[in-house]
Every structure is written in C-alpha cells, then in structure tokens.
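The next block is entry.pdb, given as PDB, C-alpha atoms and all ligand atoms.
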MODEL        1
ATOM      1  CA  MET A   1       2.476  84.252  19.516  1.00  0.00           C
ATOM      2  CA  VAL A   2      -0.263  86.829  20.106  1.00  0.00           C
ATOM      3  CA  TRP A   3       2.178  89.677  19.515  1.00  0.00           C
ATOM      4  CA  TYR A   4       3.444  87.948  16.425  1.00  0.00           C
ATOM      5  CA  PHE A   5      -0.059  87.920  14.894  1.00  0.00           C
ATOM      6  CA  PHE A   6      -0.688  91.460  16.101  1.00  0.00           C
ATOM      7  CA  ILE A   7       2.353  92.695  14.143  1.00  0.00           C
ATOM      8  CA  ILE A   8       1.432  90.639  11.062  1.00  0.00           C
ATOM      9  CA  GLY A   9      -2.029  92.226  11.346  1.00  0.00           C
ATOM     10  CA  LEU A  10      -0.540  95.742  11.438  1.00  0.00           C
ATOM     11  CA  LEU A  11       1.473  95.053   8.280  1.00  0.00           C
ATOM     12  CA  MET A  12      -1.498  93.409   6.580  1.00  0.00           C
ATOM     13  CA  GLY A  13      -3.669  96.400   7.519  1.00  0.00           C
ATOM     14  CA  SER A  14      -1.250  98.668   5.737  1.00  0.00           C
ATOM     15  CA  PHE A  15      -1.274  96.392   2.683  1.00  0.00           C
ATOM     16  CA  LEU A  16      -5.081  95.995   2.656  1.00  0.00           C
ATOM     17  CA  LEU A  17      -5.470  99.782   2.686  1.00  0.00           C
ATOM     18  CA  VAL A  18      -3.367  99.976  -0.461  1.00  0.00           C
ATOM     19  CA  VAL A  19      -5.355  97.146  -2.104  1.00  0.00           C
ATOM     20  CA  GLY A  20      -8.717  98.783  -1.309  1.00  0.00           C
ATOM     21  CA  GLU A  21      -7.560 102.183  -2.486  1.00  0.00           C
ATOM     22  CA  ARG A  22      -5.683 101.245  -5.658  1.00  0.00           C
ATOM     23  CA  TRP A  23      -7.878  98.427  -6.975  1.00  0.00           C
ATOM     24  CA  SER A  24     -10.939 100.653  -6.589  1.00  0.00           C
ATOM     25  CA  ASN A  25      -9.198 103.001  -9.019  1.00  0.00           C
ATOM     26  CA  ASP A  26      -7.927 100.267 -11.351  1.00  0.00           C
ATOM     27  CA  LYS A  27      -4.329 100.811 -10.335  1.00  0.00           C
ATOM     28  CA  SER A  28      -1.593  98.267  -9.746  1.00  0.00           C
ATOM     29  CA  ILE A  29      -0.736  97.459  -6.126  1.00  0.00           C
ATOM     30  CA  ILE A  30       2.936  96.910  -6.980  1.00  0.00           C
ATOM     31  CA  LYS A  31       3.840  99.884  -9.135  1.00  0.00           C
ATOM     32  CA  PRO A  32       4.453 102.680  -8.422  1.00  0.00           C
ATOM     33  CA  ARG A  33       5.967 102.278  -4.973  1.00  0.00           C
ATOM     34  CA  SER A  34       4.099 103.831  -2.040  1.00  0.00           C
ATOM     35  CA  HIS A  35       4.091 107.578  -2.464  1.00  0.00           C
ATOM     36  CA  CYS A  36       2.388 110.743  -1.295  1.00  0.00           C
ATOM     37  CA  ASP A  37      -0.738 111.287  -3.399  1.00  0.00           C
ATOM     38  CA  ASN A  38      -0.216 115.023  -3.297  1.00  0.00           C
ATOM     39  CA  CYS A  39       3.452 115.511  -4.281  1.00  0.00           C
ATOM     40  CA  GLN A  40       4.364 111.991  -5.574  1.00  0.00           C
ATOM     41  CA  TYR A  41       7.251 111.840  -3.059  1.00  0.00           C
ATOM     42  CA  PHE A  42       8.362 108.195  -2.736  1.00  0.00           C
ATOM     43  CA  LEU A  43       8.251 106.911   0.815  1.00  0.00           C
ATOM     44  CA  HIS A  44      11.302 105.281   2.395  1.00  0.00           C
ATOM     45  CA  TRP A  45      10.926 101.958   4.146  1.00  0.00           C
ATOM     46  CA  TYR A  46      11.032 103.655   7.578  1.00  0.00           C
ATOM     47  CA  GLU A  47       8.116 105.843   6.543  1.00  0.00           C
ATOM     48  CA  LEU A  48       6.013 102.750   5.853  1.00  0.00           C
ATOM     49  CA  ILE A  49       6.052 101.236   9.331  1.00  0.00           C
ATOM     50  CA  PRO A  50       2.393 101.035  10.420  1.00  0.00           C
ATOM     51  CA  ILE A  51       1.329 103.508  13.128  1.00  0.00           C
ATOM     52  CA  ILE A  52       4.913 104.315  14.212  1.00  0.00           C
ATOM     53  CA  SER A  53       5.609 106.231  10.997  1.00  0.00           C
ATOM     54  CA  TYR A  54       2.367 108.132  11.406  1.00  0.00           C
ATOM     55  CA  ILE A  55       3.309 109.233  14.926  1.00  0.00           C
ATOM     56  CA  PHE A  56       6.899 109.948  13.879  1.00  0.00           C
ATOM     57  CA  LEU A  57       5.777 112.105  10.914  1.00  0.00           C
ATOM     58  CA  ARG A  58       3.060 113.718  13.070  1.00  0.00           C
ATOM     59  CA  GLY A  59       0.472 112.739  10.467  1.00  0.00           C
ATOM     60  CA  ARG A  60       1.969 114.761   7.631  1.00  0.00           C
ATOM     61  CA  CYS A  61       3.910 114.079   4.429  1.00  0.00           C
ATOM     62  CA  LYS A  62       7.589 114.834   5.111  1.00  0.00           C
ATOM     63  CA  ASN A  63       8.003 116.464   1.715  1.00  0.00           C
ATOM     64  CA  CYS A  64       4.923 118.651   1.173  1.00  0.00           C
ATOM     65  CA  GLY A  65       3.299 118.643   4.620  1.00  0.00           C
ATOM     66  CA  LYS A  66      -0.041 117.334   3.367  1.00  0.00           C
ATOM     67  CA  LYS A  67      -2.082 115.700   6.112  1.00  0.00           C
ATOM     68  CA  ILE A  68      -2.263 111.890   6.116  1.00  0.00           C
ATOM     69  CA  SER A  69      -5.705 110.598   7.081  1.00  0.00           C
ATOM     70  CA  ILE A  70      -5.976 109.532  10.723  1.00  0.00           C
ATOM     71  CA  LEU A  71      -8.043 106.610   9.407  1.00  0.00           C
ATOM     72  CA  CYS A  72      -4.886 104.927   8.061  1.00  0.00           C
ATOM     73  CA  PRO A  73      -3.218 104.205  11.438  1.00  0.00           C
ATOM     74  CA  ILE A  74      -6.642 103.440  12.945  1.00  0.00           C
ATOM     75  CA  ILE A  75      -7.379 100.805  10.283  1.00  0.00           C
ATOM     76  CA  GLU A  76      -3.871  99.348  10.707  1.00  0.00           C
ATOM     77  CA  LEU A  77      -4.417  99.107  14.451  1.00  0.00           C
ATOM     78  CA  ILE A  78      -7.848  97.504  14.022  1.00  0.00           C
ATOM     79  CA  THR A  79      -6.375  94.904  11.645  1.00  0.00           C
ATOM     80  CA  GLY A  80      -3.621  94.126  14.183  1.00  0.00           C
ATOM     81  CA  LEU A  81      -6.182  93.746  16.947  1.00  0.00           C
ATOM     82  CA  VAL A  82      -8.572  91.496  15.013  1.00  0.00           C
ATOM     83  CA  TYR A  83      -5.676  89.263  13.892  1.00  0.00           C
ATOM     84  CA  ALA A  84      -4.523  88.902  17.506  1.00  0.00           C
ATOM     85  CA  PHE A  85      -8.120  88.375  18.641  1.00  0.00           C
ATOM     86  CA  SER A  86      -8.719  85.647  16.026  1.00  0.00           C
ATOM     87  CA  TYR A  87      -5.666  83.791  17.313  1.00  0.00           C
ATOM     88  CA  CYS A  88      -6.802  84.046  20.941  1.00  0.00           C
ATOM     89  CA  TYR A  89     -10.335  83.000  20.006  1.00  0.00           C
ATOM     90  CA  PHE A  90      -9.641  80.055  17.704  1.00  0.00           C
ATOM     91  CA  GLY A  91      -6.003  79.066  18.316  1.00  0.00           C
ATOM     92  CA  LEU A  92      -4.095  77.590  15.377  1.00  0.00           C
ATOM     93  CA  THR A  93      -7.104  75.936  13.716  1.00  0.00           C
ATOM     94  CA  SER A  94      -8.772  76.079  10.315  1.00  0.00           C
ATOM     95  CA  ASN A  95     -11.352  78.461  11.818  1.00  0.00           C
ATOM     96  CA  PHE A  96      -8.474  80.812  12.542  1.00  0.00           C
ATOM     97  CA  ILE A  97      -7.463  80.891   8.857  1.00  0.00           C
ATOM     98  CA  ILE A  98     -11.032  81.622   7.787  1.00  0.00           C
ATOM     99  CA  ALA A  99     -11.389  84.346  10.445  1.00  0.00           C
ATOM    100  CA  LEU A 100      -8.219  86.050   9.162  1.00  0.00           C
ATOM    101  CA  VAL A 101      -9.434  85.895   5.568  1.00  0.00           C
ATOM    102  CA  LEU A 102     -12.894  87.260   6.465  1.00  0.00           C
ATOM    103  CA  PHE A 103     -11.449  90.102   8.549  1.00  0.00           C
ATOM    104  CA  SER A 104      -8.992  90.992   5.770  1.00  0.00           C
ATOM    105  CA  PHE A 105     -11.786  91.067   3.211  1.00  0.00           C
ATOM    106  CA  PHE A 106     -13.769  93.247   5.616  1.00  0.00           C
ATOM    107  CA  ILE A 107     -10.942  95.816   5.798  1.00  0.00           C
ATOM    108  CA  VAL A 108     -10.551  95.967   1.990  1.00  0.00           C
ATOM    109  CA  THR A 109     -14.311  96.340   1.554  1.00  0.00           C
ATOM    110  CA  CYS A 110     -14.502  99.112   4.162  1.00  0.00           C
ATOM    111  CA  VAL A 111     -12.080 101.130   2.020  1.00  0.00           C
ATOM    112  CA  SER A 112     -13.594 100.273  -1.364  1.00  0.00           C
ATOM    113  CA  ASP A 113     -17.284 100.447  -0.422  1.00  0.00           C
ATOM    114  CA  PHE A 114     -17.301 103.454   1.946  1.00  0.00           C
ATOM    115  CA  LYS A 115     -15.018 105.476  -0.310  1.00  0.00           C
ATOM    116  CA  TYR A 116     -15.973 104.321  -3.817  1.00  0.00           C
ATOM    117  CA  LEU A 117     -19.202 102.270  -3.381  1.00  0.00           C
ATOM    118  CA  VAL A 118     -17.713  99.136  -4.914  1.00  0.00           C
ATOM    119  CA  ILE A 119     -17.051  95.622  -3.676  1.00  0.00           C
ATOM    120  CA  LEU A 120     -13.911  94.391  -5.408  1.00  0.00           C
ATOM    121  CA  ASP A 121     -14.220  91.140  -7.377  1.00  0.00           C
ATOM    122  CA  ILE A 122     -10.710  89.789  -6.922  1.00  0.00           C
ATOM    123  CA  PRO A 123     -10.602  90.021  -3.099  1.00  0.00           C
ATOM    124  CA  LEU A 124     -14.111  88.508  -3.008  1.00  0.00           C
ATOM    125  CA  LEU A 125     -13.098  85.631  -5.280  1.00  0.00           C
ATOM    126  CA  MET A 126      -9.922  85.009  -3.288  1.00  0.00           C
ATOM    127  CA  THR A 127     -11.891  84.938  -0.042  1.00  0.00           C
ATOM    128  CA  CYS A 128     -14.431  82.452  -1.477  1.00  0.00           C
ATOM    129  CA  PHE A 129     -11.613  80.317  -2.844  1.00  0.00           C
ATOM    130  CA  ILE A 130      -9.693  80.128   0.446  1.00  0.00           C
ATOM    131  CA  VAL A 131     -12.836  79.400   2.495  1.00  0.00           C
ATOM    132  CA  LEU A 132     -13.881  76.575   0.139  1.00  0.00           C
ATOM    133  CA  LEU A 133     -10.343  75.191   0.005  1.00  0.00           C
ATOM    134  CA  VAL A 134     -10.159  75.053   3.804  1.00  0.00           C
ATOM    135  CA  TYR A 135     -13.556  73.311   3.900  1.00  0.00           C
ATOM    136  CA  VAL A 136     -12.485  70.649   1.376  1.00  0.00           C
ATOM    137  CA  TYR A 137      -9.336  69.845   3.335  1.00  0.00           C
ATOM    138  CA  ASP A 138     -10.732  70.197   6.804  1.00  0.00           C
ATOM    139  CA  LYS A 139     -14.377  69.133   6.651  1.00  0.00           C
ATOM    140  CA  GLY A 140     -14.572  66.866   3.639  1.00  0.00           C
ATOM    141  CA  ILE A 141     -16.303  66.833   0.292  1.00  0.00           C
ATOM    142  CA  ASN A 142     -19.920  66.708   1.570  1.00  0.00           C
ATOM    143  CA  TYR A 143     -19.462  69.814   3.658  1.00  0.00           C
ATOM    144  CA  PHE A 144     -17.840  71.505   0.675  1.00  0.00           C
ATOM    145  CA  LEU A 145     -20.733  70.600  -1.645  1.00  0.00           C
ATOM    146  CA  LEU A 146     -23.256  71.897   0.883  1.00  0.00           C
ATOM    147  CA  SER A 147     -21.220  75.119   1.009  1.00  0.00           C
ATOM    148  CA  LEU A 148     -21.407  75.504  -2.759  1.00  0.00           C
ATOM    149  CA  LEU A 149     -25.141  74.838  -2.774  1.00  0.00           C
ATOM    150  CA  SER A 150     -25.779  77.278   0.091  1.00  0.00           C
ATOM    151  CA  GLY A 151     -23.680  79.887  -1.693  1.00  0.00           C
ATOM    152  CA  PHE A 152     -25.731  79.594  -4.871  1.00  0.00           C
ATOM    153  CA  ILE A 153     -29.034  79.677  -3.003  1.00  0.00           C
ATOM    154  CA  LEU A 154     -28.094  82.834  -1.094  1.00  0.00           C
ATOM    155  CA  PHE A 155     -26.869  84.362  -4.354  1.00  0.00           C
ATOM    156  CA  ALA A 156     -30.146  83.512  -6.096  1.00  0.00           C
ATOM    157  CA  PHE A 157     -32.124  84.843  -3.126  1.00  0.00           C
ATOM    158  CA  LEU A 158     -30.442  88.265  -3.151  1.00  0.00           C
ATOM    159  CA  TRP A 159     -30.520  88.342  -6.939  1.00  0.00           C
ATOM    160  CA  ALA A 160     -34.305  87.847  -6.802  1.00  0.00           C
ATOM    161  CA  ILE A 161     -34.649  90.661  -4.246  1.00  0.00           C
ATOM    162  CA  LYS A 162     -32.569  92.897  -6.501  1.00  0.00           C
ATOM    163  CA  PHE A 163     -34.621  91.948  -9.554  1.00  0.00           C
ATOM    164  CA  ILE A 164     -37.935  92.745  -7.869  1.00  0.00           C
ATOM    165  CA  GLY A 165     -36.512  95.875  -6.208  1.00  0.00           C
ATOM    166  CA  ASP A 166     -35.076  97.234  -9.457  1.00  0.00           C
ATOM    167  CA  LYS A 167     -38.433  96.815 -11.182  1.00  0.00           C
ATOM    168  CA  LYS A 168     -40.406  98.320  -8.352  1.00  0.00           C
ATOM    169  CA  PHE A 169     -38.202 101.365  -7.713  1.00  0.00           C
ATOM    170  CA  GLN A 170     -37.103 101.780 -11.345  1.00  0.00           C
ATOM    171  CA  ARG A 171     -33.453 102.076 -10.267  1.00  0.00           C
ATOM    172  CA  GLU A 172     -30.700  99.927  -8.823  1.00  0.00           C
ATOM    173  CA  SER A 173     -32.083  98.732  -5.497  1.00  0.00           C
ATOM    174  CA  LEU A 174     -29.142  96.561  -4.472  1.00  0.00           C
ATOM    175  CA  GLY A 175     -25.575  96.669  -5.766  1.00  0.00           C
ATOM    176  CA  GLY A 176     -24.302  93.831  -7.937  1.00  0.00           C
ATOM    177  CA  GLY A 177     -21.412  93.459  -5.479  1.00  0.00           C
ATOM    178  CA  ASP A 178     -23.830  92.799  -2.619  1.00  0.00           C
ATOM    179  CA  VAL A 179     -25.459  89.982  -4.604  1.00  0.00           C
ATOM    180  CA  LYS A 180     -22.059  88.376  -5.275  1.00  0.00           C
ATOM    181  CA  LEU A 181     -21.198  88.825  -1.620  1.00  0.00           C
ATOM    182  CA  ALA A 182     -24.239  86.709  -0.742  1.00  0.00           C
ATOM    183  CA  PHE A 183     -22.471  83.733  -2.311  1.00  0.00           C
ATOM    184  CA  LEU A 184     -19.581  84.082   0.156  1.00  0.00           C
ATOM    185  CA  ILE A 185     -22.006  84.386   3.078  1.00  0.00           C
ATOM    186  CA  GLY A 186     -23.929  81.256   2.042  1.00  0.00           C
ATOM    187  CA  ALA A 187     -20.788  79.258   1.319  1.00  0.00           C
ATOM    188  CA  THR A 188     -19.141  80.155   4.622  1.00  0.00           C
ATOM    189  CA  LEU A 189     -22.145  79.716   6.913  1.00  0.00           C
ATOM    190  CA  HIS A 190     -24.616  77.365   5.129  1.00  0.00           C
ATOM    191  CA  PHE A 191     -28.333  78.200   4.775  1.00  0.00           C
ATOM    192  CA  GLN A 192     -29.720  78.868   8.215  1.00  0.00           C
ATOM    193  CA  LEU A 193     -26.849  80.856   9.658  1.00  0.00           C
ATOM    194  CA  ALA A 194     -26.422  82.702   6.372  1.00  0.00           C
ATOM    195  CA  PHE A 195     -29.957  84.060   6.538  1.00  0.00           C
ATOM    196  CA  ILE A 196     -29.311  85.199  10.117  1.00  0.00           C
ATOM    197  CA  ALA A 197     -26.164  86.954   8.842  1.00  0.00           C
ATOM    198  CA  LEU A 198     -28.256  88.794   6.233  1.00  0.00           C
ATOM    199  CA  VAL A 199     -30.664  89.948   8.945  1.00  0.00           C
ATOM    200  CA  ILE A 200     -27.843  91.095  11.240  1.00  0.00           C
ATOM    201  CA  GLY A 201     -26.133  92.862   8.324  1.00  0.00           C
ATOM    202  CA  SER A 202     -29.350  94.682   7.428  1.00  0.00           C
ATOM    203  CA  LEU A 203     -29.961  95.722  11.041  1.00  0.00           C
ATOM    204  CA  LEU A 204     -26.404  97.039  11.320  1.00  0.00           C
ATOM    205  CA  THR A 205     -26.914  99.105   8.145  1.00  0.00           C
ATOM    206  CA  TYR A 206     -30.036 100.787   9.505  1.00  0.00           C
ATOM    207  CA  PRO A 207     -28.504 103.716  11.438  1.00  0.00           C
ATOM    208  CA  LEU A 208     -26.210 104.634   8.553  1.00  0.00           C
ATOM    209  CA  ALA A 209     -29.024 104.226   6.016  1.00  0.00           C
ATOM    210  CA  LEU A 210     -31.192 106.695   7.932  1.00  0.00           C
ATOM    211  CA  TYR A 211     -28.268 109.111   8.156  1.00  0.00           C
ATOM    212  CA  TYR A 212     -27.554 108.845   4.416  1.00  0.00           C
ATOM    213  CA  ILE A 213     -31.166 109.300   3.375  1.00  0.00           C
ATOM    214  CA  PHE A 214     -32.204 112.100   5.729  1.00  0.00           C
ATOM    215  CA  ARG A 215     -28.996 114.050   6.331  1.00  0.00           C
ATOM    216  CA  LYS A 216     -26.896 113.515   3.241  1.00  0.00           C
ATOM    217  CA  LYS A 217     -29.846 113.053   0.858  1.00  0.00           C
ATOM    218  CA  GLU A 218     -27.998 110.199  -0.807  1.00  0.00           C
ATOM    219  CA  LYS A 219     -29.627 107.046  -2.020  1.00  0.00           C
ATOM    220  CA  GLU A 220     -26.661 104.750  -2.465  1.00  0.00           C
ATOM    221  CA  ILE A 221     -25.587 103.192   0.796  1.00  0.00           C
ATOM    222  CA  PRO A 222     -22.473 101.050   1.310  1.00  0.00           C
ATOM    223  CA  PHE A 223     -24.052  97.754   2.353  1.00  0.00           C
ATOM    224  CA  GLY A 224     -21.006  95.492   1.893  1.00  0.00           C
ATOM    225  CA  PRO A 225     -19.086  96.143   5.129  1.00  0.00           C
ATOM    226  CA  PHE A 226     -22.248  95.539   7.186  1.00  0.00           C
ATOM    227  CA  LEU A 227     -23.053  92.290   5.403  1.00  0.00           C
ATOM    228  CA  ILE A 228     -19.501  91.086   6.031  1.00  0.00           C
ATOM    229  CA  MET A 229     -19.825  92.182   9.677  1.00  0.00           C
ATOM    230  CA  GLY A 230     -23.001  90.056   9.917  1.00  0.00           C
ATOM    231  CA  LEU A 231     -21.080  87.172   8.350  1.00  0.00           C
ATOM    232  CA  ILE A 232     -18.190  87.538  10.809  1.00  0.00           C
ATOM    233  CA  ILE A 233     -20.498  87.779  13.840  1.00  0.00           C
ATOM    234  CA  CYS A 234     -22.302  84.582  12.773  1.00  0.00           C
ATOM    235  CA  TYR A 235     -19.000  82.847  12.058  1.00  0.00           C
ATOM    236  CA  LEU A 236     -17.533  83.714  15.463  1.00  0.00           C
ATOM    237  CA  PHE A 237     -20.660  82.659  17.345  1.00  0.00           C
ATOM    238  CA  GLN A 238     -21.750  79.810  15.073  1.00  0.00           C
ATOM    239  CA  ASN A 239     -22.011  77.322  17.947  1.00  0.00           C
ATOM    240  CA  GLU A 240     -24.194  79.660  19.992  1.00  0.00           C
ATOM    241  CA  PHE A 241     -26.395  80.475  16.999  1.00  0.00           C
ATOM    242  CA  ASN A 242     -26.756  76.819  16.053  1.00  0.00           C
ATOM    243  CA  THR A 243     -27.814  75.925  19.601  1.00  0.00           C
ATOM    244  CA  LEU A 244     -30.330  78.754  19.525  1.00  0.00           C
ATOM    245  CA  LEU A 245     -31.661  77.586  16.165  1.00  0.00           C
ATOM    246  CA  GLN A 246     -32.157  74.050  17.486  1.00  0.00           C
ATOM    247  CA  TYR A 247     -34.264  75.416  20.340  1.00  0.00           C
ATOM    248  CA  LEU A 248     -36.335  77.489  17.953  1.00  0.00           C
ATOM    249  CA  VAL A 249     -36.911  74.698  15.451  1.00  0.00           C
ATOM    250  CA  LEU A 250     -37.723  71.974  17.970  1.00  0.00           C
TER     251      LEU A 250
HETATM  252 ZN    ZN B 301       3.597 114.921  -0.138  1.00  0.00          ZN
ENDMDL
END

What does this structure look like when you write it as structure tokens?
Ligand SMILES: [Zn+2]
Amino acid sequence: MVWYFFIIGLLMGSFLLVVGERWSNDKSIIKPRSHCDNCQYFLHWYELIPIISYIFLRGRCKNCGKKISILCPIIELITGLVYAFSYCYFGLTSNFIIALVLFSFFIVTCVSDFKYLVILDIPLLMTCFIVLLVYVYDKGINYFLLSLLSGFILFAFLWAIKFIGDKKFQRESLGGGDVKLAFLIGATLHFQLAFIALVIGSLLTYPLALYYIFRKKEKEIPFGPFLIMGLIICYLFQNEFNTLLQYLVL
C-alpha cells in the first residue's frame, strides 16, 4: 500500500508541476501535449515517467539537448514521499485525504509562487472545497460551520493587515493571494491553531525574506508556500498543539 501511494505521488508530482507552470501562464493543462519548451518536440509516453525518464535522458531533451531542470525530478520525488508519508501517518482516514490535498496544493504553489509570485485561484478553491466537503461528511454540520466562520475571520484578519500595511508603506504589503490563502488556513484548522499556523509560516519565511531584501534587493517575497507549510505542520501535529494550547490557556 505504501508503495502504491508513493507511485501515485510521483505521477501526481509530475502533473502538479504542469498545473503550476501552465496555469501561472494562463495556458491549458490538456493541450498541447507535454513538450520541450525549447524545441516544441512532443514527448512520448516513456519520456514522461517521473524520475526514471530524467535519469534515462540524462537530464536533457532528446531532440535539442536542452537541459531539463533538476528541480522537476526532485519535486516528483518529494510528492511521492509526502504521499507515502501521509498514508503511514494517518492510514486510510479522512485526515489522509486532507493531507494529500494540502500537500498537492503546496507543490502547485511552490511552482507558481516561487517562479511567478502568484497563488492560483482554482487550486486554492478546489482545496477549500475538498477540505470543507470532508468536514461536512466526516465531522458534521457544526464543525463545518465553525470551519466557515474561522475561514472568514482569518481572511478578514489578513485583509486588515494588508489594508493597514498598504496605507503605511504606500505599496502592496501583502499579496491578494496570501489573504485568500488565510481562508483555507482558518477553515482547515479553526481559530486558535490557524493563528499558530500564521506565526509558524511567518517564522519560516524569515530567512528567505532577509535573503531577498539584502542580497537580491527585491521587495516581493513568495509567502504562500511558507504559509501552507505552517498550515501543514499544524494539521499534522494538531493533537499536540491542542494539548499545548490547553496548558497555556488553563
Ligand atoms: Zn527540446
């Protein structure tokens, strides 16, 4: 079973790469078929096998010899590993489904936000939809309503930060995508954990933010992947965090 999910993860990784890349450029994910960006050479099915094709082709396009990014097989491998890990961690439960969806959204956002500084609406909406659907079926209507409420509160909270920040710095302080992402974080984790996720996400962004500002002299920092990482960390360790919170509150 573990291997089964590992292989599904590899294939999904390959697909999520295409989604992140093409949707960031307003292109269809179906047409045209997978091809070399340099020479438009259409890839055969055996050149699309995750990782194995990369090794087999020695990281180059068979037709024009252009280098294929090493990041592609690495991202495929990571997706395979996190899919297998989610299965080992949660077993075949509803948490497992949500973990898969969150990790998949994380992979897409890594491509879209690091490369193009956007968080894609459709993958975000689909992730929210699946999470809420699982909650309705698995945890009942009250839990679902609390999710919706938490989502809106987190959204409003980040929107307020953005509003004040934009006024103060006279430029975009926080991306619109990050504000929408806050809804997903609130809906998945509910208030308390969601705020912890925001803190963890911000802390994780710190090293890269310093690098961007001082070395690259850039002001726009991809915040999305780190926020989702904070979300995933809180989701995986929700029991531990909740216990901790109880100690702190009491
Ligand atoms: Zn080529």

Counting all atoms listed in the file, which residues of chain A sit at most 12 Å from some atom of ligand ZN 301 (chain B), and what is each one's closest atom pair with its distance in Å to one decimal, listed by chain and rising residue number, as a tab-separated table?
residue	atom	partner	partner_atom	distance
A:Ser34	CA	B:ZN301	ZN	11.3
A:His35	CA	B:ZN301	ZN	7.7
A:Cys36	CA	B:ZN301	ZN	4.5
A:Asp37	CA	B:ZN301	ZN	6.5
A:Asn38	CA	B:ZN301	ZN	5.0
A:Cys39	CA	B:ZN301	ZN	4.2
A:Gln40	CA	B:ZN301	ZN	6.2
A:Tyr41	CA	B:ZN301	ZN	5.6
A:Phe42	CA	B:ZN301	ZN	8.6
A:Leu43	CA	B:ZN301	ZN	9.3
A:Leu57	CA	B:ZN301	ZN	11.6
A:Gly59	CA	B:ZN301	ZN	11.3
A:Arg60	CA	B:ZN301	ZN	7.9
A:Cys61	CA	B:ZN301	ZN	4.7
A:Lys62	CA	B:ZN301	ZN	6.6
A:Asn63	CA	B:ZN301	ZN	5.0
A:Cys64	CA	B:ZN301	ZN	4.2
A:Gly65	CA	B:ZN301	ZN	6.0
A:Lys66	CA	B:ZN301	ZN	5.6
A:Lys67	CA	B:ZN301	ZN	8.5
A:Ile68	CA	B:ZN301	ZN	9.1

Which residues are close to A:Asn242, i.e. within 12 Å by all atoms listed in the file, leaving aside same-chain residues fewer than 3 positions away? Reply as a PyMOL selection string.
chain A and resi 189-194+196+234-239+245-249

Residue IDs satisfying the PyMOL selection byres (((chain A and resi 29) around 12) and not hetatm), as a ChimeraX atom specification
/A:14-28,30-35

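Excluding A:Ser202 and any residue on its chain fewer than 5 positions from it, the residues at most 9 Å away by all atoms listed in the file are Ala197, Phe223, Phe226, Leu227 and Gly230 of chain A.
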
Specify as a VMD selection string each residue included when the PyMOL selection byres (((chain A and resi 98) around 9) and not hetatm) is applied to this file.
chain A and resid 94 to 97 99 to 103 127 130 to 131 134 188

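Considering only C-alpha atoms, the residue among A:Val179, A:Val2, A:Leu174, A:Ile213 positioned nearest to A:Phe155 is A:Val179.
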
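Put simply, atom CA of A:Gly9 is 16.8 Å away from atom CA of A:Ile232.
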
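Nearest to A:Phe5 of all the residues A:Ala84, A:Arg58, A:Cys72, A:Phe129 is A:Ala84, counting all atoms listed in the file.
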
Determine the residue set returned by the PyMOL selection byres (((chain A and resi 205) around 9) and not hetatm) for the present structure, and present it as a PyMOL selection string.
chain A and resi 200-204+206-210+221-223+225-227

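Between A:Ser150 and the residues A:Val199, A:Leu77, A:Leu132, A:Met1, the shortest atom-to-atom distance, using all atoms listed in the file, involves A:Leu132.
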
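Across the structure, atom CA of A:Arg215 and atom CA of A:Leu198 are spaced 25.3 Å apart.
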
Got a sec: who's within 10 Å of A:Ile78, counting only C-alpha atoms, leaving out chain neighbours fewer than 2 positions off, as an MDAnalysis selection string?
chainID A and resid 6 9:10 13 72:76 80:84 103 107

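Atom CA of A:Phe85 is found 21.9 Å from atom CA of A:Cys128.
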
Could you give me the axis-aligned bounding box of stretch 108-127 of chain A, with 3 Å of padding per side, as centre plus edge lengths in Å to one decimal, as lines of an AutoDock Vina configuration file?
center_x = -14.6
center_y = 95.2
center_z = -1.6
size_x = 15.3
size_y = 26.5
size_z = 17.5

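Of the residues under consideration (A:Phe195, A:Lys139, A:Met229, A:Phe144), A:Phe195 shows the shortest atom-to-atom contact distance to A:Phe241 when counting all atoms listed in the file.
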
Write out as a PyMOL selection string each polymer residue whose atoms come within 8 Å of A:Leu158, counting all atoms listed in the file; drop sequence neighbours fewer than 4 positions from it.
chain A and resi 154+162+179+182

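Residue nearest A:Ile70 within the list A:Gly165, A:Gly91, A:Gly140, A:Pro50: A:Pro50 [criterion: smallest interatomic distance, all atoms listed in the file].
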